[in-house]
file structure.cif (mmCIF, C-alpha atoms)
data_run
#
loop_
_atom_site.group_PDB
_atom_site.id
_atom_site.type_symbol
_atom_site.label_atom_id
_atom_site.label_comp_id
_atom_site.auth_asym_id
_atom_site.auth_seq_id
_atom_site.Cartn_x
_atom_site.Cartn_y
_atom_site.Cartn_z
ATOM 1 C CA MET A 120 -53.348 -63.765 75.405
ATOM 2 C CA SER A 121 -53.051 -67.416 76.398
ATOM 3 C CA GLU A 122 -54.952 -70.378 74.971
ATOM 4 C CA SER A 123 -57.050 -70.430 78.127
ATOM 5 C CA GLY A 124 -57.777 -66.667 78.052
ATOM 6 C CA PRO A 125 -60.951 -64.935 76.839
ATOM 7 C CA LYS A 126 -62.013 -65.757 73.298
ATOM 8 C CA LEU A 127 -62.843 -63.067 70.740
ATOM 9 C CA GLY A 128 -64.912 -63.870 67.665
ATOM 10 C CA VAL A 129 -64.609 -61.541 64.664
ATOM 11 C CA VAL A 130 -67.194 -61.488 61.864
ATOM 12 C CA PHE A 131 -66.548 -59.628 58.593
ATOM 13 C CA PHE A 132 -69.015 -58.827 55.845
ATOM 14 C CA PRO A 133 -67.881 -56.098 53.399
ATOM 15 C CA ALA A 134 -71.049 -56.127 51.179
ATOM 16 C CA PHE A 135 -69.595 -56.482 47.702
ATOM 17 C CA ASP A 136 -72.799 -55.375 45.980
ATOM 18 C CA TRP A 137 -73.752 -52.330 48.081
ATOM 19 C CA ALA A 138 -72.166 -48.874 47.823
ATOM 20 C CA ILE A 139 -73.271 -45.249 47.829
ATOM 21 C CA SER A 140 -71.007 -44.659 44.801
ATOM 22 C CA ASP A 141 -67.637 -45.820 43.459
ATOM 23 C CA LEU A 142 -65.800 -43.002 45.229
ATOM 24 C CA HIS A 143 -67.884 -42.589 48.382
ATOM 25 C CA PRO A 144 -66.158 -43.720 51.621
ATOM 26 C CA GLU A 145 -69.117 -46.021 52.392
ATOM 27 C CA ARG A 146 -68.183 -48.809 49.980
ATOM 28 C CA GLU A 147 -66.800 -52.354 50.183
ATOM 29 C CA GLU A 148 -63.124 -51.305 50.274
ATOM 30 C CA ARG A 149 -63.754 -49.785 53.685
ATOM 31 C CA LEU A 150 -63.964 -53.199 55.333
ATOM 32 C CA LEU A 151 -61.712 -55.007 52.862
ATOM 33 C CA TYR A 152 -58.877 -52.690 53.941
ATOM 34 C CA THR A 153 -59.737 -53.373 57.574
ATOM 35 C CA GLN A 154 -59.751 -57.126 56.990
ATOM 36 C CA ASP A 155 -56.383 -56.901 55.198
ATOM 37 C CA GLN A 156 -54.982 -54.878 58.115
ATOM 38 C CA PHE A 157 -56.106 -57.548 60.592
ATOM 39 C CA ARG A 158 -54.232 -60.159 58.557
ATOM 40 C CA GLU A 159 -51.113 -58.022 57.951
ATOM 41 C CA GLU A 160 -50.829 -57.147 61.645
ATOM 42 C CA GLY A 161 -51.245 -60.803 62.616
ATOM 43 C CA ILE A 162 -54.434 -60.270 64.608
ATOM 44 C CA PHE A 163 -55.748 -63.695 63.614
ATOM 45 C CA ASP A 164 -52.444 -65.291 64.667
ATOM 46 C CA ILE A 165 -53.163 -64.317 68.275
ATOM 47 C CA PRO A 166 -54.489 -67.289 70.229
ATOM 48 C CA ASN A 167 -58.225 -67.095 70.956
ATOM 49 C CA ILE A 168 -59.001 -64.543 68.219
ATOM 50 C CA GLN A 169 -60.903 -66.292 65.469
ATOM 51 C CA GLU A 170 -62.681 -65.086 62.338
ATOM 52 C CA HIS A 171 -66.179 -66.438 61.679
ATOM 53 C CA PRO A 172 -68.340 -66.187 58.547
ATOM 54 C CA PRO A 173 -71.650 -64.314 58.818
ATOM 55 C CA THR A 174 -74.934 -66.155 58.765
ATOM 56 C CA TYR A 175 -77.894 -64.792 56.798
ATOM 57 C CA GLY A 176 -80.494 -62.671 58.553
ATOM 58 C CA LEU A 177 -84.201 -63.244 58.069
ATOM 59 C CA TYR A 178 -87.000 -60.882 57.130
ATOM 60 C CA GLU A 179 -88.697 -61.805 60.414
ATOM 61 C CA ASP A 180 -85.641 -60.347 62.198
ATOM 62 C CA VAL A 181 -86.184 -57.099 60.280
ATOM 63 C CA GLU A 182 -89.913 -57.017 61.007
ATOM 64 C CA ARG A 183 -89.312 -57.597 64.717
ATOM 65 C CA VAL A 184 -87.929 -54.027 64.751
ATOM 66 C CA HIS A 185 -89.162 -52.147 61.667
ATOM 67 C CA PHE A 186 -92.300 -51.158 59.831
ATOM 68 C CA CYS A 187 -90.985 -50.910 56.262
ATOM 69 C CA LEU A 188 -92.920 -49.001 53.621
ATOM 70 C CA PRO A 189 -94.095 -49.982 51.089
ATOM 71 C CA GLU A 190 -92.830 -53.434 52.218
ATOM 72 C CA THR A 191 -89.823 -55.041 53.900
ATOM 73 C CA ARG A 192 -88.257 -56.409 50.702
ATOM 74 C CA ALA A 193 -88.360 -52.964 49.106
ATOM 75 C CA ARG A 194 -86.140 -51.544 51.887
ATOM 76 C CA CYS A 195 -83.988 -54.532 52.822
ATOM 77 C CA GLY A 196 -81.953 -56.468 50.257
ATOM 78 C CA PRO A 197 -79.453 -59.342 50.349
ATOM 79 C CA SER A 198 -76.572 -57.179 51.611
ATOM 80 C CA HIS A 199 -78.696 -55.907 54.502
ATOM 81 C CA LEU A 200 -79.623 -59.467 55.453
ATOM 82 C CA SER A 201 -75.954 -60.496 55.339
ATOM 83 C CA SER A 202 -74.910 -57.493 57.426
ATOM 84 C CA LEU A 203 -77.645 -58.427 59.895
ATOM 85 C CA GLY A 204 -76.429 -62.025 59.738
ATOM 86 C CA GLY A 205 -72.950 -60.894 60.765
ATOM 87 C CA ALA A 206 -74.342 -59.074 63.789
ATOM 88 C CA VAL A 207 -76.582 -62.045 64.649
ATOM 89 C CA LYS A 208 -73.580 -64.369 64.348
ATOM 90 C CA SER A 209 -71.681 -62.243 66.866
ATOM 91 C CA ALA A 210 -74.597 -62.563 69.306
ATOM 92 C CA ASP A 211 -74.736 -66.325 68.736
ATOM 93 C CA LEU A 212 -70.990 -66.660 69.403
ATOM 94 C CA VAL A 213 -71.285 -64.959 72.786
ATOM 95 C CA PHE A 214 -74.583 -66.424 73.993
ATOM 96 C CA SER A 215 -73.619 -69.966 72.916
ATOM 97 C CA GLY A 216 -70.300 -69.724 74.759
ATOM 98 C CA GLN A 217 -68.132 -70.079 71.618
ATOM 99 C CA ALA A 218 -66.643 -66.645 72.385
ATOM 100 C CA ASP A 219 -66.485 -64.366 75.391
ATOM 101 C CA LYS A 220 -66.716 -61.263 73.200
ATOM 102 C CA ALA A 221 -67.491 -60.664 69.547
ATOM 103 C CA LEU A 222 -66.823 -57.943 67.003
ATOM 104 C CA ALA A 223 -69.031 -57.668 63.917
ATOM 105 C CA LEU A 224 -67.388 -55.577 61.193
ATOM 106 C CA VAL A 225 -70.274 -55.465 58.746
ATOM 107 C CA ARG A 226 -71.961 -53.161 56.269
ATOM 108 C CA PRO A 227 -74.353 -51.715 55.137
ATOM 109 C CA PRO A 228 -74.554 -49.609 58.295
ATOM 110 C CA GLY A 229 -77.754 -48.821 60.119
ATOM 111 C CA HIS A 230 -77.734 -46.483 63.117
ATOM 112 C CA HIS A 231 -79.826 -43.767 61.424
ATOM 113 C CA ALA A 232 -82.683 -46.124 60.459
ATOM 114 C CA MET A 233 -85.708 -45.488 62.661
ATOM 115 C CA LYS A 234 -88.653 -47.687 63.664
ATOM 116 C CA VAL A 235 -90.629 -46.700 60.554
ATOM 117 C CA VAL A 236 -88.531 -47.120 57.400
ATOM 118 C CA HIS A 237 -89.623 -45.430 54.177
ATOM 119 C CA GLY A 238 -86.283 -44.508 52.623
ATOM 120 C CA ASN A 239 -82.569 -44.183 53.172
ATOM 121 C CA ARG A 240 -81.461 -41.989 56.116
ATOM 122 C CA GLY A 241 -77.773 -41.156 56.325
ATOM 123 C CA PHE A 242 -76.907 -44.224 54.187
ATOM 124 C CA CYS A 243 -78.937 -46.430 56.544
ATOM 125 C CA ASP A 244 -81.909 -48.466 55.331
ATOM 126 C CA VAL A 245 -82.503 -50.758 58.318
ATOM 127 C CA ASN A 246 -81.017 -50.717 61.809
ATOM 128 C CA ILE A 247 -78.537 -53.592 62.138
ATOM 129 C CA THR A 248 -77.826 -52.903 65.834
ATOM 130 C CA ALA A 249 -81.474 -52.851 66.890
ATOM 131 C CA MET A 250 -82.250 -55.995 64.896
ATOM 132 C CA MET A 251 -79.351 -57.824 66.576
ATOM 133 C CA ILE A 252 -80.553 -56.696 70.006
ATOM 134 C CA GLU A 253 -84.085 -57.906 69.372
ATOM 135 C CA TYR A 254 -82.780 -61.186 67.916
ATOM 136 C CA ALA A 255 -80.758 -61.734 71.123
ATOM 137 C CA ARG A 256 -83.808 -60.956 73.248
ATOM 138 C CA GLU A 257 -86.045 -63.272 71.246
ATOM 139 C CA THR A 258 -83.522 -66.110 71.019
ATOM 140 C CA TYR A 259 -81.642 -65.903 74.313
ATOM 141 C CA GLY A 260 -83.870 -63.773 76.542
ATOM 142 C CA ALA A 261 -81.258 -61.021 76.893
ATOM 143 C CA PRO A 262 -83.189 -58.585 79.099
ATOM 144 C CA ARG A 263 -81.065 -55.446 79.507
ATOM 145 C CA VAL A 264 -78.761 -54.013 76.870
ATOM 146 C CA ALA A 265 -76.441 -51.009 76.585
ATOM 147 C CA VAL A 266 -75.549 -49.561 73.179
ATOM 148 C CA VAL A 267 -72.436 -47.386 73.006
ATOM 149 C CA ASP A 268 -72.384 -45.682 69.606
ATOM 150 C CA THR A 269 -69.173 -43.842 68.674
ATOM 151 C CA ASP A 270 -69.607 -41.952 65.419
ATOM 152 C CA CYS A 271 -69.396 -38.283 64.479
ATOM 153 C CA HIS A 272 -73.167 -38.451 63.842
ATOM 154 C CA ALA A 273 -75.757 -39.017 66.578
ATOM 155 C CA SER A 274 -77.329 -42.482 66.617
ATOM 156 C CA ASP A 275 -80.799 -41.030 66.071
ATOM 157 C CA GLY A 276 -82.272 -44.265 64.693
ATOM 158 C CA ILE A 277 -81.265 -46.304 67.726
ATOM 159 C CA MET A 278 -82.497 -43.475 69.975
ATOM 160 C CA ASP A 279 -85.845 -43.471 68.156
ATOM 161 C CA ILE A 280 -86.349 -47.233 68.416
ATOM 162 C CA TYR A 281 -85.485 -47.385 72.141
ATOM 163 C CA TRP A 282 -86.756 -43.945 73.244
ATOM 164 C CA ASN A 283 -89.344 -45.470 75.592
ATOM 165 C CA ASP A 284 -87.523 -48.698 76.491
ATOM 166 C CA PRO A 285 -86.110 -48.577 80.048
ATOM 167 C CA ASP A 286 -84.235 -51.856 79.449
ATOM 168 C CA THR A 287 -82.065 -50.418 76.658
ATOM 169 C CA MET A 288 -79.519 -47.730 77.484
ATOM 170 C CA VAL A 289 -78.386 -45.800 74.415
ATOM 171 C CA ILE A 290 -75.141 -43.851 74.778
ATOM 172 C CA SER A 291 -74.213 -41.798 71.716
ATOM 173 C CA LEU A 292 -70.820 -40.081 71.512
ATOM 174 C CA HIS A 293 -70.908 -37.686 68.572
ATOM 175 C CA GLN A 294 -70.051 -34.300 67.146
ATOM 176 C CA ASP A 295 -71.981 -31.191 68.221
ATOM 177 C CA PRO A 296 -75.450 -31.682 66.676
ATOM 178 C CA ARG A 297 -75.473 -28.036 65.548
ATOM 179 C CA THR A 298 -72.681 -28.876 63.111
ATOM 180 C CA ALA A 299 -73.489 -32.372 61.846
ATOM 181 C CA TYR A 300 -76.228 -34.569 60.411
ATOM 182 C CA PRO A 301 -78.859 -35.423 61.662
ATOM 183 C CA GLY A 302 -79.023 -32.347 63.900
ATOM 184 C CA THR A 303 -80.147 -34.302 66.953
ATOM 185 C CA GLY A 304 -78.401 -35.758 69.979
ATOM 186 C CA TYR A 305 -78.467 -32.807 72.348
ATOM 187 C CA ALA A 306 -77.724 -33.278 76.057
ATOM 188 C CA HIS A 307 -81.387 -32.719 76.968
ATOM 189 C CA GLU A 308 -82.525 -35.697 74.807
ATOM 190 C CA LEU A 309 -82.706 -38.236 77.626
ATOM 191 C CA GLY A 310 -85.429 -40.669 76.557
ATOM 192 C CA GLY A 311 -89.199 -40.793 76.717
ATOM 193 C CA PRO A 312 -91.520 -40.763 79.759
ATOM 194 C CA THR A 313 -91.062 -44.478 80.492
ATOM 195 C CA ALA A 314 -87.274 -44.435 79.952
ATOM 196 C CA LEU A 315 -86.069 -41.029 81.083
ATOM 197 C CA GLY A 316 -82.309 -41.176 81.539
ATOM 198 C CA ALA A 317 -81.860 -44.303 79.410
ATOM 199 C CA THR A 318 -80.629 -42.157 76.518
ATOM 200 C CA VAL A 319 -77.339 -40.351 77.096
#
call {"tool": "encode", "arguments": {"input": "structure.cif", "output": "structure tokens"}}
result
Amino acid sequence: MSESGPKLGVVFFPAFDWAISDLHPEREERLLYTQDQFREEGIFDIPNIQEHPPTYGLYEDVERVHFCLPETRARCGPSHLSSLGGAVKSADLVFSGQADKALALVRPPGHHAMKVVHGNRGFCDVNITAMMIEYARETYGAPRVAVVDTDCHASDGIMDIYWNDPDTMVISLHQDPRTAYPGTGYAHELGGPTALGATV
């Protein structure tokens, strides 16, 4: 990649204070190992690939997407706001022209969190992807968005939030829903009446 080639911005946030348990795979080491691998393999020595610190998300960004019960602060803590801030930073990098593409490697995760949040679903409290999308729409007027979710579990939270939104295509590549949490994501689940076919 030459100095004049496309620029990639990378944002890391490993969430030092958020883990399911000390031995569960969803803990800070998951992204610390990834960050170390980027450095060991010389990824950041490649011209036009640059690491950026996350910003800090706002509760208004959360409330643009979610109804949190009993209240937003009860479901969304500092690590969630920093994870959101990493995703928001990636949007800022692209829409401001600082990068052509961006990769946000952040946690806690979020693709199981639905519009109404009243507890943890599949280790997800709030939906980082949806909040970043709505931030980009509010801030930059991004009209149409495609989400490609590759995980062994269906992205049921993202599907729920955008079920009736024809301007958001949700593509979920996952394991057979008969054999994996959350038991949704069948081929016939194609979106609601106003967005039929926008979920794949």
call {"tool": "atom_distance", "arguments": {"input": "structure.cif", "atom1": "atom CA of A:Leu203", "atom2": "atom CA of A:Gly176"}}
result
5.3 Å
call {"tool": "atom_distance", "arguments": {"input": "structure.cif", "atom1": "atom CA of A:Val289", "atom2": "atom CA of A:Ser215"}}
result
24.7 Å
call {"tool": "residues_near_point", "arguments": {"input": "structure.cif", "point": "(-84.2, -51.0, 55.2)", "cutoff": "6 Å", "atoms": "only C-alpha atoms", "output": "list of chain:residue names"}}
result
A:Arg194, A:Cys195, A:Asp244, A:Val245
call {"tool": "closest_residue", "arguments": {"input": "structure.cif", "among": "A:Arg263, A:His231, A:His237, A:Lys220", "to": "A:Thr303", "atoms": "only C-alpha atoms"}}
result
A:His231
call {"tool": "residues_around", "arguments": {"input": "structure.cif", "residues": "A:Gly128", "least_positions_apart": "3", "cutoff": "12 Å", "atoms": "only C-alpha atoms", "output": "JSON, numbers by chain"}}
result
{"A": [125, 131, 162, 163, 165, 166, 167, 168, 169, 170, 171, 172, 173, 205, 206, 208, 209, 210, 211, 212, 213, 214, 215, 216, 217, 218, 219, 220, 221, 222, 223, 224]}
call {"tool": "closest_residue", "arguments": {"input": "structure.cif", "among": "A:Ala232, A:Gly196, A:Ile280, A:Val207", "to": "A:Val129", "atoms": "only C-alpha atoms"}}
result
A:Val207
call {"tool": "residues_around", "arguments": {"input": "structure.cif", "residues": "A:Leu177", "least_positions_apart": "5", "cutoff": "12 Å", "atoms": "only C-alpha atoms", "output": "PyMOL selection string"}}
result
chain A and resi 182-184+191-192+195-205+207+247+250-251+254
call {"tool": "closest_residue", "arguments": {"input": "structure.cif", "among": "A:Ala273, A:Val264, A:Ala317, A:Ile139", "to": "A:Pro296", "atoms": "only C-alpha atoms"}}
result
A:Ala273
call {"tool": "atom_distance", "arguments": {"input": "structure.cif", "atom1": "atom CA of A:Thr287", "atom2": "atom CA of A:Thr248"}}
result
11.9 Å
